[in-house]
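A.B. asks: Below is my_file05.tsv; it holds TSV, C-alpha atoms and all ligand atoms.
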```
chain	number	residue	atom	x	y	z
F	1	LYS	CA	1.99	-90.67	36.13
F	2	LEU	CA	5.29	-89.24	34.98
F	3	SER	CA	8.32	-91.53	34.67
F	4	GLU	CA	11.01	-91.26	37.33
F	5	ARG	CA	13.39	-90.33	34.52
F	6	LEU	CA	11.36	-87.27	33.51
F	7	LYS	CA	10.77	-86.34	37.17
F	8	LEU	CA	14.52	-86.30	37.62
F	9	VAL	CA	14.88	-84.07	34.54
F	10	ALA	CA	12.13	-81.76	35.88
F	11	SER	CA	13.81	-81.49	39.29
F	12	TYR	CA	16.64	-79.51	37.67
F	13	LEU	CA	14.35	-76.70	36.48
F	14	PRO	CA	14.29	-73.66	38.78
F	15	LYS	CA	11.07	-72.36	40.30
F	16	GLY	CA	9.37	-70.02	37.85
F	17	ALA	CA	11.12	-71.69	34.93
F	18	ASN	CA	10.58	-70.31	31.45
F	19	PHE	CA	11.77	-73.23	29.40
F	20	ALA	CA	11.57	-75.10	26.11
F	21	ASP	CA	11.14	-78.87	25.99
F	22	ILE	CA	12.50	-79.90	22.61
F	23	GLY	CA	11.17	-83.24	21.34
F	24	SER	CA	8.37	-83.04	23.88
F	25	ASP	CA	6.32	-85.92	22.43
F	26	HIS	CA	3.15	-85.97	24.58
F	27	ALA	CA	4.24	-82.82	26.48
F	28	TYR	CA	4.10	-84.81	29.71
F	29	LEU	CA	7.15	-83.03	31.11
F	30	PRO	CA	5.92	-79.42	30.67
F	31	CYS	CA	2.45	-80.41	31.94
F	32	TYR	CA	4.00	-81.98	35.04
F	33	VAL	CA	6.22	-78.94	35.68
F	34	CYS	CA	3.35	-76.47	35.23
F	35	SER	CA	1.08	-78.50	37.49
F	36	LYS	CA	3.68	-78.39	40.28
F	37	ASP	CA	4.67	-74.78	39.70
F	38	PRO	CA	1.96	-72.29	38.71
F	39	THR	CA	4.63	-69.69	37.89
F	40	ALA	CA	6.32	-71.88	35.24
F	41	MET	CA	5.91	-71.35	31.50
F	42	ALA	CA	6.94	-73.63	28.68
F	43	ILE	CA	7.29	-74.14	24.96
F	44	ALA	CA	6.84	-77.73	23.80
F	45	GLY	CA	8.68	-78.25	20.51
F	46	GLU	CA	8.07	-81.19	18.18
F	47	VAL	CA	9.36	-81.86	14.70
F	48	ASN	CA	6.85	-84.60	13.91
F	49	GLU	CA	3.17	-84.01	13.28
F	50	GLY	CA	1.94	-87.03	15.32
F	51	PRO	CA	3.73	-86.14	18.58
F	52	TYR	CA	2.94	-82.45	17.97
F	53	LEU	CA	-0.78	-83.26	17.90
F	54	SER	CA	-0.41	-85.49	20.99
F	55	ALA	CA	1.31	-82.62	22.81
F	56	LYS	CA	-1.48	-80.21	21.88
F	57	LYS	CA	-4.06	-82.73	23.12
F	58	THR	CA	-2.37	-83.22	26.51
F	59	VAL	CA	-1.93	-79.47	27.02
F	60	THR	CA	-5.58	-78.79	26.26
F	61	LEU	CA	-6.73	-81.75	28.38
F	62	TYR	CA	-4.92	-80.39	31.44
F	63	GLN	CA	-5.95	-76.80	30.60
F	64	PHE	CA	-2.43	-75.47	30.24
F	65	ASP	CA	-3.03	-73.66	26.92
F	66	GLU	CA	-2.22	-70.34	28.60
F	67	VAL	CA	1.19	-71.41	29.90
F	68	ILE	CA	2.41	-74.09	27.48
F	69	ASP	CA	2.83	-73.16	23.85
F	70	VAL	CA	3.09	-76.21	21.58
F	71	ARG	CA	5.08	-75.48	18.43
F	72	LEU	CA	5.85	-77.57	15.34
F	73	GLY	CA	9.42	-77.34	14.08
F	74	ASP	CA	12.93	-78.73	14.01
F	75	GLY	CA	14.93	-78.45	17.23
F	76	LEU	CA	15.52	-74.93	18.51
F	77	ALA	CA	13.95	-73.40	15.39
F	78	VAL	CA	10.70	-73.20	17.39
F	79	ILE	CA	12.12	-70.60	19.80
F	80	ASN	CA	13.19	-67.00	19.27
F	81	PRO	CA	16.64	-65.81	20.37
F	82	GLY	CA	16.63	-65.19	24.12
F	83	GLU	CA	13.09	-66.48	24.55
F	84	VAL	CA	13.79	-69.18	27.15
F	85	GLY	CA	15.91	-69.38	30.28
F	86	GLN	CA	16.23	-73.16	30.23
F	87	VAL	CA	16.19	-75.84	27.56
F	88	VAL	CA	15.36	-79.51	28.05
F	89	ILE	CA	16.29	-82.07	25.41
F	90	SER	CA	15.50	-85.55	26.60
F	91	GLY	CA	14.98	-89.06	25.32
F	92	MET	CA	17.05	-88.99	22.15
F	93	GLY	CA	20.57	-89.91	21.12
F	94	GLY	CA	23.47	-87.71	22.17
F	95	THR	CA	24.51	-87.05	18.58
F	96	LEU	CA	21.06	-85.68	17.76
F	97	ILE	CA	21.04	-83.57	20.94
F	98	ARG	CA	24.42	-82.10	19.98
F	99	GLN	CA	23.15	-81.40	16.47
F	100	ILE	CA	20.04	-79.64	17.79
F	101	LEU	CA	22.13	-77.49	20.16
F	102	ASP	CA	24.63	-76.66	17.47
F	103	ASP	CA	22.06	-75.78	14.81
F	104	GLY	CA	20.24	-73.45	17.20
F	105	LYS	CA	23.03	-72.02	19.32
F	106	GLU	CA	22.14	-68.42	18.44
F	107	LYS	CA	18.79	-68.98	20.19
F	108	LEU	CA	20.49	-69.65	23.51
F	109	VAL	CA	21.55	-66.05	24.34
F	110	HIS	CA	19.57	-66.03	27.60
F	111	THR	CA	19.58	-69.76	28.24
F	112	ASP	CA	21.46	-70.30	31.49
F	113	ARG	CA	20.70	-73.98	31.94
F	114	ILE	CA	20.47	-76.89	29.53
F	115	ILE	CA	19.14	-80.21	30.83
F	116	THR	CA	19.79	-83.19	28.59
F	117	GLN	CA	18.98	-86.86	28.86
F	118	PRO	CA	20.81	-88.61	26.05
F	119	ASN	CA	19.82	-92.25	25.56
F	120	VAL	CA	23.19	-93.10	24.02
F	121	ASP	CA	26.42	-91.31	23.10
F	122	GLU	CA	26.49	-88.98	26.11
F	123	LYS	CA	30.04	-88.03	25.10
F	124	SER	CA	28.78	-85.93	22.17
F	125	VAL	CA	26.69	-83.79	24.48
F	126	ARG	CA	29.55	-83.24	26.94
F	127	GLU	CA	31.84	-82.26	24.06
F	128	TRP	CA	29.32	-79.65	22.90
F	129	PHE	CA	28.96	-78.21	26.43
F	130	VAL	CA	32.72	-77.87	26.86
F	131	LYS	CA	33.14	-76.26	23.45
F	132	HIS	CA	30.33	-73.76	23.97
F	133	GLY	CA	30.99	-72.51	27.47
F	134	TYR	CA	28.48	-74.54	29.48
F	135	ILE	CA	29.77	-76.11	32.69
F	136	ILE	CA	28.49	-79.54	33.64
F	137	ASN	CA	27.33	-78.89	37.20
F	138	HIS	CA	25.22	-82.00	37.78
F	139	GLU	CA	25.11	-85.52	36.40
F	140	GLU	CA	22.60	-88.21	37.33
F	141	ILE	CA	22.12	-91.82	36.40
F	142	ILE	CA	18.96	-93.84	37.05
F	143	GLU	CA	17.52	-97.19	36.16
F	144	GLU	CA	13.90	-97.52	35.10
F	145	ASN	CA	12.12	-100.40	33.37
F	146	GLY	CA	15.40	-102.18	32.73
F	147	HIS	CA	17.08	-99.18	31.10
F	148	ILE	CA	19.83	-97.03	32.52
F	149	TYR	CA	19.55	-93.31	31.75
F	150	GLU	CA	22.00	-90.46	32.24
F	151	VAL	CA	20.94	-86.88	32.84
F	152	ILE	CA	23.49	-84.14	32.19
F	153	ILE	CA	22.82	-80.62	33.44
F	154	ALA	CA	24.98	-77.73	32.28
F	155	ASP	CA	24.95	-74.04	33.14
F	156	LYS	CA	26.26	-71.14	31.12
F	157	ASN	CA	29.73	-70.20	32.22
F	158	LYS	CA	29.34	-66.49	32.66
F	159	ASP	CA	33.00	-65.88	33.54
F	160	GLY	CA	34.03	-67.01	30.10
F	161	ILE	CA	36.68	-69.29	31.57
F	162	THR	CA	37.51	-72.09	29.19
F	163	TYR	CA	37.94	-75.58	30.57
F	164	HIS	CA	38.87	-78.98	29.34
F	165	LEU	CA	37.66	-82.52	29.94
F	166	THR	CA	39.87	-85.57	29.49
F	167	MET	CA	38.78	-88.44	27.24
F	168	GLU	CA	37.76	-90.38	30.36
F	169	GLU	CA	35.68	-87.47	31.66
F	170	LEU	CA	33.93	-87.10	28.31
F	171	LEU	CA	33.09	-90.80	28.17
F	172	PHE	CA	32.11	-91.47	31.79
F	173	GLY	CA	31.09	-87.98	32.86
F	174	PRO	CA	33.31	-85.79	35.05
F	175	LEU	CA	30.98	-86.12	38.07
F	176	LEU	CA	29.66	-89.66	37.59
F	177	ARG	CA	33.21	-90.91	37.20
F	178	LYS	CA	34.05	-89.66	40.69
F	179	LYS	CA	30.82	-90.70	42.41
F	180	LYS	CA	30.41	-94.11	40.69
F	181	PRO	CA	26.81	-94.81	41.74
F	182	LYS	CA	25.62	-98.43	41.49
F	183	GLU	CA	23.80	-97.75	38.18
F	184	PHE	CA	27.06	-96.38	36.77
F	185	VAL	CA	28.92	-99.56	37.77
F	186	GLU	CA	26.11	-101.65	36.26
F	187	LYS	CA	26.12	-99.70	32.98
F	188	TRP	CA	29.88	-99.85	32.54
F	189	SER	CA	30.05	-103.53	33.50
F	190	LEU	CA	27.61	-104.22	30.66
F	191	GLU	CA	29.61	-101.99	28.31
F	192	ARG	CA	32.80	-103.84	29.31
F	193	ASP	CA	31.17	-107.19	28.49
F	194	LYS	CA	30.03	-105.84	25.09
F	195	ARG	CA	33.60	-104.73	24.30
F	196	ILE	CA	34.99	-108.14	25.36
F	197	HIS	CA	32.52	-109.86	23.01
F	198	VAL	CA	33.32	-107.55	20.06
F	199	LEU	CA	37.04	-107.98	20.63
F	200	GLN	CA	36.68	-111.78	20.67
F	201	GLN	CA	34.81	-111.66	17.37
F	202	LEU	CA	37.39	-109.34	15.81
F	203	LYS	CA	40.22	-111.63	16.93
F	204	ARG	CA	38.46	-114.69	15.49
F	205	ALA	CA	37.93	-112.87	12.19
F	206	LYS	CA	41.60	-111.88	12.16
F	207	GLU	CA	42.68	-115.51	12.68
F	208	GLN	CA	40.41	-116.70	9.88
F	209	GLN	CA	41.84	-113.99	7.63
F	210	ALA	CA	45.37	-115.10	8.46
F	211	GLU	CA	44.48	-118.72	7.60
F	212	LYS	CA	43.09	-117.61	4.22
F	213	VAL	CA	46.21	-115.58	3.42
F	214	GLU	CA	48.39	-118.56	4.27
F	215	TYR	CA	46.30	-120.88	2.08
F	216	PHE	CA	46.41	-118.50	-0.92
F	217	GLU	CA	50.15	-118.01	-0.57
F	218	LYS	CA	50.62	-121.78	-0.61
F	219	GLU	CA	48.44	-122.14	-3.72
F	220	LEU	CA	50.19	-119.26	-5.46
F	221	LYS	CA	53.54	-120.90	-4.80
F	222	MET	CA	52.30	-124.20	-6.25
F	223	ILE	CA	50.92	-122.47	-9.36
F	224	GLU	CA	54.16	-120.59	-9.91
F	225	GLU	CA	56.11	-123.85	-9.57
F	226	VAL	CA	53.92	-125.67	-12.05
F	227	LEU	CA	54.38	-122.82	-14.55
F	228	THR	CA	58.17	-122.80	-14.40
A	1	LIG	N1	11.30	-85.83	25.55
A	1	LIG	C1	10.43	-86.97	25.76
A	1	LIG	C2	11.01	-87.91	26.76
A	1	LIG	O1	12.15	-87.73	27.17
A	1	LIG	O2	10.33	-88.86	27.15
A	1	LIG	C3	10.13	-87.68	24.45
A	1	LIG	C4	11.25	-88.46	23.86
A	1	LIG	S1	10.81	-89.18	22.32
A	1	LIG	C5	11.63	-90.72	22.42
A	1	LIG	C6	11.77	-88.23	21.16
A	1	LIG	C7	10.94	-87.15	20.51
A	1	LIG	O3	11.80	-86.23	19.88
A	1	LIG	C8	10.01	-87.68	19.46
A	1	LIG	O4	8.69	-87.30	19.75
A	1	LIG	C9	10.50	-87.02	18.16
A	1	LIG	O5	9.45	-86.69	17.29
A	1	LIG	C10	11.21	-85.79	18.69
A	1	LIG	N2	12.28	-85.26	17.85
A	1	LIG	C11	13.25	-85.94	17.19
A	1	LIG	N3	14.06	-85.09	16.53
A	1	LIG	C12	13.61	-83.84	16.79
A	1	LIG	C13	14.02	-82.54	16.38
A	1	LIG	N4	15.05	-82.37	15.56
A	1	LIG	N5	13.30	-81.48	16.83
A	1	LIG	C14	12.25	-81.65	17.64
A	1	LIG	N6	11.81	-82.86	18.05
A	1	LIG	C15	12.48	-83.93	17.63
```
Since I need it in another form, could you write the structure as structure tokens?
Ligand code: SAM

C.D. replies:
Amino acid sequence: KLSERLKLVASYLPKGANFADIGSDHAYLPCYVCSKDPTAMAIAGEVNEGPYLSAKKTVTLYQFDEVIDVRLGDGLAVINPGEVGQVVISGMGGTLIRQILDDGKEKLVHTDRIITQPNVDEKSVREWFVKHGYIINHEEIIEENGHIYEVIIADKNKDGITYHLTMEELLFGPLLRKKKPKEFVEKWSLERDKRIHVLQQLKRAKEQQAEKVEYFEKELKMIEEVLT
């Protein structure tokens, strides 16, 4: 059974999708999509041998060898320029997702939709989208097994209009920030508490530092006095 998180990711693929799932691990997502939609085709990319072999196993088990091509390689290196209409990059950090998109941007000539699910650092992904002419048209946030996940869906801006996101929009998401679903409030309440804790620790360290400086100044003064 596919996780609700990956089902949500899959729901943003169009019917008859021709997509790449980068970092596919067991290839559960492409197998699910192809089982629901007999017109879909996929490339499952994996950089690591173990997950690559797992992906091959799942694809063969479900008899999708004809429609899902499992390829070993780093990020978008596994696809040819213009080969896929949609790209999914899910279940890794936002910085890595941005890196993968940036390293392989010349492969995305016919990629109209990019679906990402960064585990952390969503801001990096939004920054890349803004900079490279993809408009964030959908944002989702769900909770599963005690984790909160964001899904960011961006479509190629064919009009070539440039746009800008504020620092707040980059951090919270331009759409999530407006909608504020309960998972969003939960996530940012936790993040607020983390910041409060870090700030308390930093303040304590600063006070201790100040006490040390004061003590050394006092000692220095005494030493200078004894020497004169
Ligand atoms: N996409 C699946 C999901 O969302 O459940 C699997 C996520 S799994 C935590 C991350 C996978 O990405 C791992 O199998 C890892 O080997 C793969 N990976 C990490 N860096 C990669 C890269 N540069 N190119 C391709 N795959 C990568």

A.B. asks: I'd like the interatomic distance between atom CA of F:Tyr32 and atom CA of F:Asp121, to a tenth of an Å.

C.D. replies: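 Spanning atom CA of F:Tyr32 to atom CA of F:Asp121 is a straight-line distance of 27.1 Å.
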
A.B. asks: Which residue is closest to ligand LIG 1 (chain A)? Choose from F:Ala20, F:Val185, F:Ile135, F:Val226 and count all atoms listed in the file.

C.D. replies: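 Looking only at the distances to ligand LIG 1 (chain A), the closest residue turns out to be F:Ala20.
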
A.B. asks: Pick the closest to F:Ala40 from F:Thr111, F:Gln201, F:Thr60, F:Asn18: which is it, counting all atoms listed in the file?

C.D. replies: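 Residue with the minimum atom-to-atom distance to F:Ala40: F:Asn18.
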
A.B. asks: Just want the residues within 8 Å of ligand LIG 1 (chain A), written as a VMD selection string, counting only C-alpha atoms and all ligand atoms.

C.D. replies: chain F and resid 5 to 6 21 to 29 45 to 52 72 to 76 88 to 92 96 100 117

A.B. asks: Just the residues within 9 Å of F:His138, please, counting all atoms listed in the file, with nothing from its chain fewer than 4 positions along; format it as a list in words.

C.D. replies: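 Once the nearby chain positions are removed, what remains is Tyr12, Val151, Ile152, Ile153, Ala154, Leu175 and Leu176 of chain F.
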
A.B. asks: Could you check which residues have any atom within 7 Å of (23.2, -91.2, 36.6), counting only C-alpha atoms with coordinates taken straight from the file, and then list them as a PyMOL selection string?

C.D. replies: chain F and resi 139-142+149-151+176+183-184

A.B. asks: Find the spatial neighbours of F:Cys34, counting all atoms listed in the file, within a cut-off of 9 Å - ignore same-chain residues fewer than 6 positions away - and output them as a ChimeraX atom specification.

C.D. replies: /F:40-42,64,67-68

A.B. asks: Would you mind telling me which residue in F:Glu4, F:Val120, F:Asp102, F:Gln63 lies nearest to F:Asn145 when using all atoms listed in the file?

C.D. replies: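 Using all atoms listed in the file, F:Asn145 sits closest to F:Glu4.
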
A.B. asks: Extending 8 Å beyond the listed atoms of stretch 30-46 of chain F on each side, what axis-aligned box results? I want centre and edge lengths in Å to one decimal, as lines of an AutoDock Vina configuration file.

C.D. replies:
```
center_x = 4.9
center_y = -75.8
center_z = 29.2
size_x = 23.6
size_y = 28.3
size_z = 38.1
```

A.B. asks: What is the distance, in Å and to one decimal place, between atom CA of F:Lys156 and atom CA of F:Val70?

C.D. replies: 25.6 Å

A.B. asks: At what distance in Å, to one decimal, does atom CA of F:Glu169 lie from atom CA of F:Asp112?

C.D. replies: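 Answer for the atom CA of F:Asp112 to atom CA of F:Glu169 separation: 22.3 Å.
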
A.B. asks: So which residues touch F:Leu171 within 8 Å, counting only C-alpha atoms, skipping near sequence neighbours fewer than 2 positions away, as a ChimeraX atom specification?

C.D. replies: /F:122-123,167-169,173

A.B. asks: Using only C-alpha atoms, which of F:Gly16, F:Val78, F:Leu61, F:Glu211 sits nearest F:Ile43?

C.D. replies: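 Using only C-alpha atoms, the shortest distance to F:Ile43 belongs to F:Val78.
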
A.B. asks: Using all atoms listed in the file, which of the listed residues (F:Leu108, F:Val213, F:Leu190, F:Ile223) sits closest to F:Gly133?

C.D. replies: F:Leu108

A.B. asks: Quick one: of F:Glu186, F:His132, F:Asn137, F:Glu143, who's nearest to F:Ile161, counting all atoms listed in the file?

C.D. replies: F:His132

A.B. asks: Can you complete the atoms of stretch 124-147 of chain F to N, CA and C atoms and list them as a PDB file, keeping the file's coordinate frame?

C.D. replies:
```pdb
ATOM      1  N   SER F 124      29.021 -87.010  23.138  1.00  0.00           N
ATOM      2  CA  SER F 124      28.780 -85.930  22.170  1.00  0.00           C
ATOM      3  C   SER F 124      28.228 -84.694  22.849  1.00  0.00           C
ATOM      4  N   VAL F 125      27.326 -84.906  23.795  1.00  0.00           N
ATOM      5  CA  VAL F 125      26.690 -83.790  24.480  1.00  0.00           C
ATOM      6  C   VAL F 125      27.718 -83.072  25.360  1.00  0.00           C
ATOM      7  N   ARG F 126      28.521 -83.861  26.078  1.00  0.00           N
ATOM      8  CA  ARG F 126      29.550 -83.240  26.940  1.00  0.00           C
ATOM      9  C   ARG F 126      30.526 -82.442  26.101  1.00  0.00           C
ATOM     10  N   GLU F 127      30.909 -82.973  24.949  1.00  0.00           N
ATOM     11  CA  GLU F 127      31.840 -82.260  24.060  1.00  0.00           C
ATOM     12  C   GLU F 127      31.261 -80.911  23.664  1.00  0.00           C
ATOM     13  N   TRP F 128      29.962 -80.898  23.329  1.00  0.00           N
ATOM     14  CA  TRP F 128      29.320 -79.650  22.900  1.00  0.00           C
ATOM     15  C   TRP F 128      29.328 -78.646  24.059  1.00  0.00           C
ATOM     16  N   PHE F 129      28.996 -79.108  25.256  1.00  0.00           N
ATOM     17  CA  PHE F 129      28.960 -78.210  26.430  1.00  0.00           C
ATOM     18  C   PHE F 129      30.343 -77.572  26.647  1.00  0.00           C
ATOM     19  N   VAL F 130      31.371 -78.389  26.609  1.00  0.00           N
ATOM     20  CA  VAL F 130      32.720 -77.870  26.860  1.00  0.00           C
ATOM     21  C   VAL F 130      33.083 -76.821  25.813  1.00  0.00           C
ATOM     22  N   LYS F 131      32.763 -77.137  24.568  1.00  0.00           N
ATOM     23  CA  LYS F 131      33.140 -76.260  23.450  1.00  0.00           C
ATOM     24  C   LYS F 131      32.372 -74.951  23.459  1.00  0.00           C
ATOM     25  N   HIS F 132      31.175 -74.954  24.052  1.00  0.00           N
ATOM     26  CA  HIS F 132      30.330 -73.760  23.970  1.00  0.00           C
ATOM     27  C   HIS F 132      30.111 -73.059  25.294  1.00  0.00           C
ATOM     28  N   GLY F 133      31.009 -73.283  26.229  1.00  0.00           N
ATOM     29  CA  GLY F 133      30.990 -72.510  27.470  1.00  0.00           C
ATOM     30  C   GLY F 133      29.861 -72.848  28.424  1.00  0.00           C
ATOM     31  N   TYR F 134      29.430 -74.098  28.450  1.00  0.00           N
ATOM     32  CA  TYR F 134      28.480 -74.540  29.480  1.00  0.00           C
ATOM     33  C   TYR F 134      29.214 -75.494  30.403  1.00  0.00           C
ATOM     34  N   ILE F 135      29.096 -75.243  31.709  1.00  0.00           N
ATOM     35  CA  ILE F 135      29.770 -76.110  32.690  1.00  0.00           C
ATOM     36  C   ILE F 135      28.829 -77.197  33.152  1.00  0.00           C
ATOM     37  N   ILE F 136      29.309 -78.422  33.153  1.00  0.00           N
ATOM     38  CA  ILE F 136      28.490 -79.540  33.640  1.00  0.00           C
ATOM     39  C   ILE F 136      28.505 -79.492  35.171  1.00  0.00           C
ATOM     40  N   ASN F 137      27.392 -79.057  35.744  1.00  0.00           N
ATOM     41  CA  ASN F 137      27.330 -78.890  37.200  1.00  0.00           C
ATOM     42  C   ASN F 137      26.667 -80.066  37.915  1.00  0.00           C
ATOM     43  N   HIS F 138      25.888 -80.845  37.172  1.00  0.00           N
ATOM     44  CA  HIS F 138      25.220 -82.000  37.780  1.00  0.00           C
ATOM     45  C   HIS F 138      25.170 -83.134  36.750  1.00  0.00           C
ATOM     46  N   GLU F 139      25.320 -84.339  37.246  1.00  0.00           N
ATOM     47  CA  GLU F 139      25.110 -85.520  36.400  1.00  0.00           C
ATOM     48  C   GLU F 139      24.362 -86.548  37.244  1.00  0.00           C
ATOM     49  N   GLU F 140      23.393 -87.200  36.621  1.00  0.00           N
ATOM     50  CA  GLU F 140      22.600 -88.210  37.330  1.00  0.00           C
ATOM     51  C   GLU F 140      22.551 -89.462  36.471  1.00  0.00           C
ATOM     52  N   ILE F 141      22.324 -90.577  37.137  1.00  0.00           N
ATOM     53  CA  ILE F 141      22.120 -91.820  36.400  1.00  0.00           C
ATOM     54  C   ILE F 141      21.046 -92.616  37.140  1.00  0.00           C
ATOM     55  N   ILE F 142      20.017 -93.049  36.395  1.00  0.00           N
ATOM     56  CA  ILE F 142      18.960 -93.840  37.050  1.00  0.00           C
ATOM     57  C   ILE F 142      18.580 -95.024  36.175  1.00  0.00           C
ATOM     58  N   GLU F 143      17.999 -96.009  36.863  1.00  0.00           N
ATOM     59  CA  GLU F 143      17.520 -97.190  36.160  1.00  0.00           C
ATOM     60  C   GLU F 143      15.995 -97.193  36.244  1.00  0.00           C
ATOM     61  N   GLU F 144      15.366 -97.424  35.104  1.00  0.00           N
ATOM     62  CA  GLU F 144      13.900 -97.520  35.100  1.00  0.00           C
ATOM     63  C   GLU F 144      13.483 -98.483  33.991  1.00  0.00           C
ATOM     64  N   ASN F 145      12.613 -99.396  34.325  1.00  0.00           N
ATOM     65  CA  ASN F 145      12.120-100.400  33.370  1.00  0.00           C
ATOM     66  C   ASN F 145      13.260-101.098  32.616  1.00  0.00           C
ATOM     67  N   GLY F 146      14.291-101.445  33.328  1.00  0.00           N
ATOM     68  CA  GLY F 146      15.400-102.180  32.730  1.00  0.00           C
ATOM     69  C   GLY F 146      16.347-101.365  31.879  1.00  0.00           C
ATOM     70  N   HIS F 147      16.160-100.045  31.847  1.00  0.00           N
ATOM     71  CA  HIS F 147      17.080 -99.180  31.100  1.00  0.00           C
ATOM     72  C   HIS F 147      17.835 -98.289  32.072  1.00  0.00           C
TER      73      HIS F 147
END
```
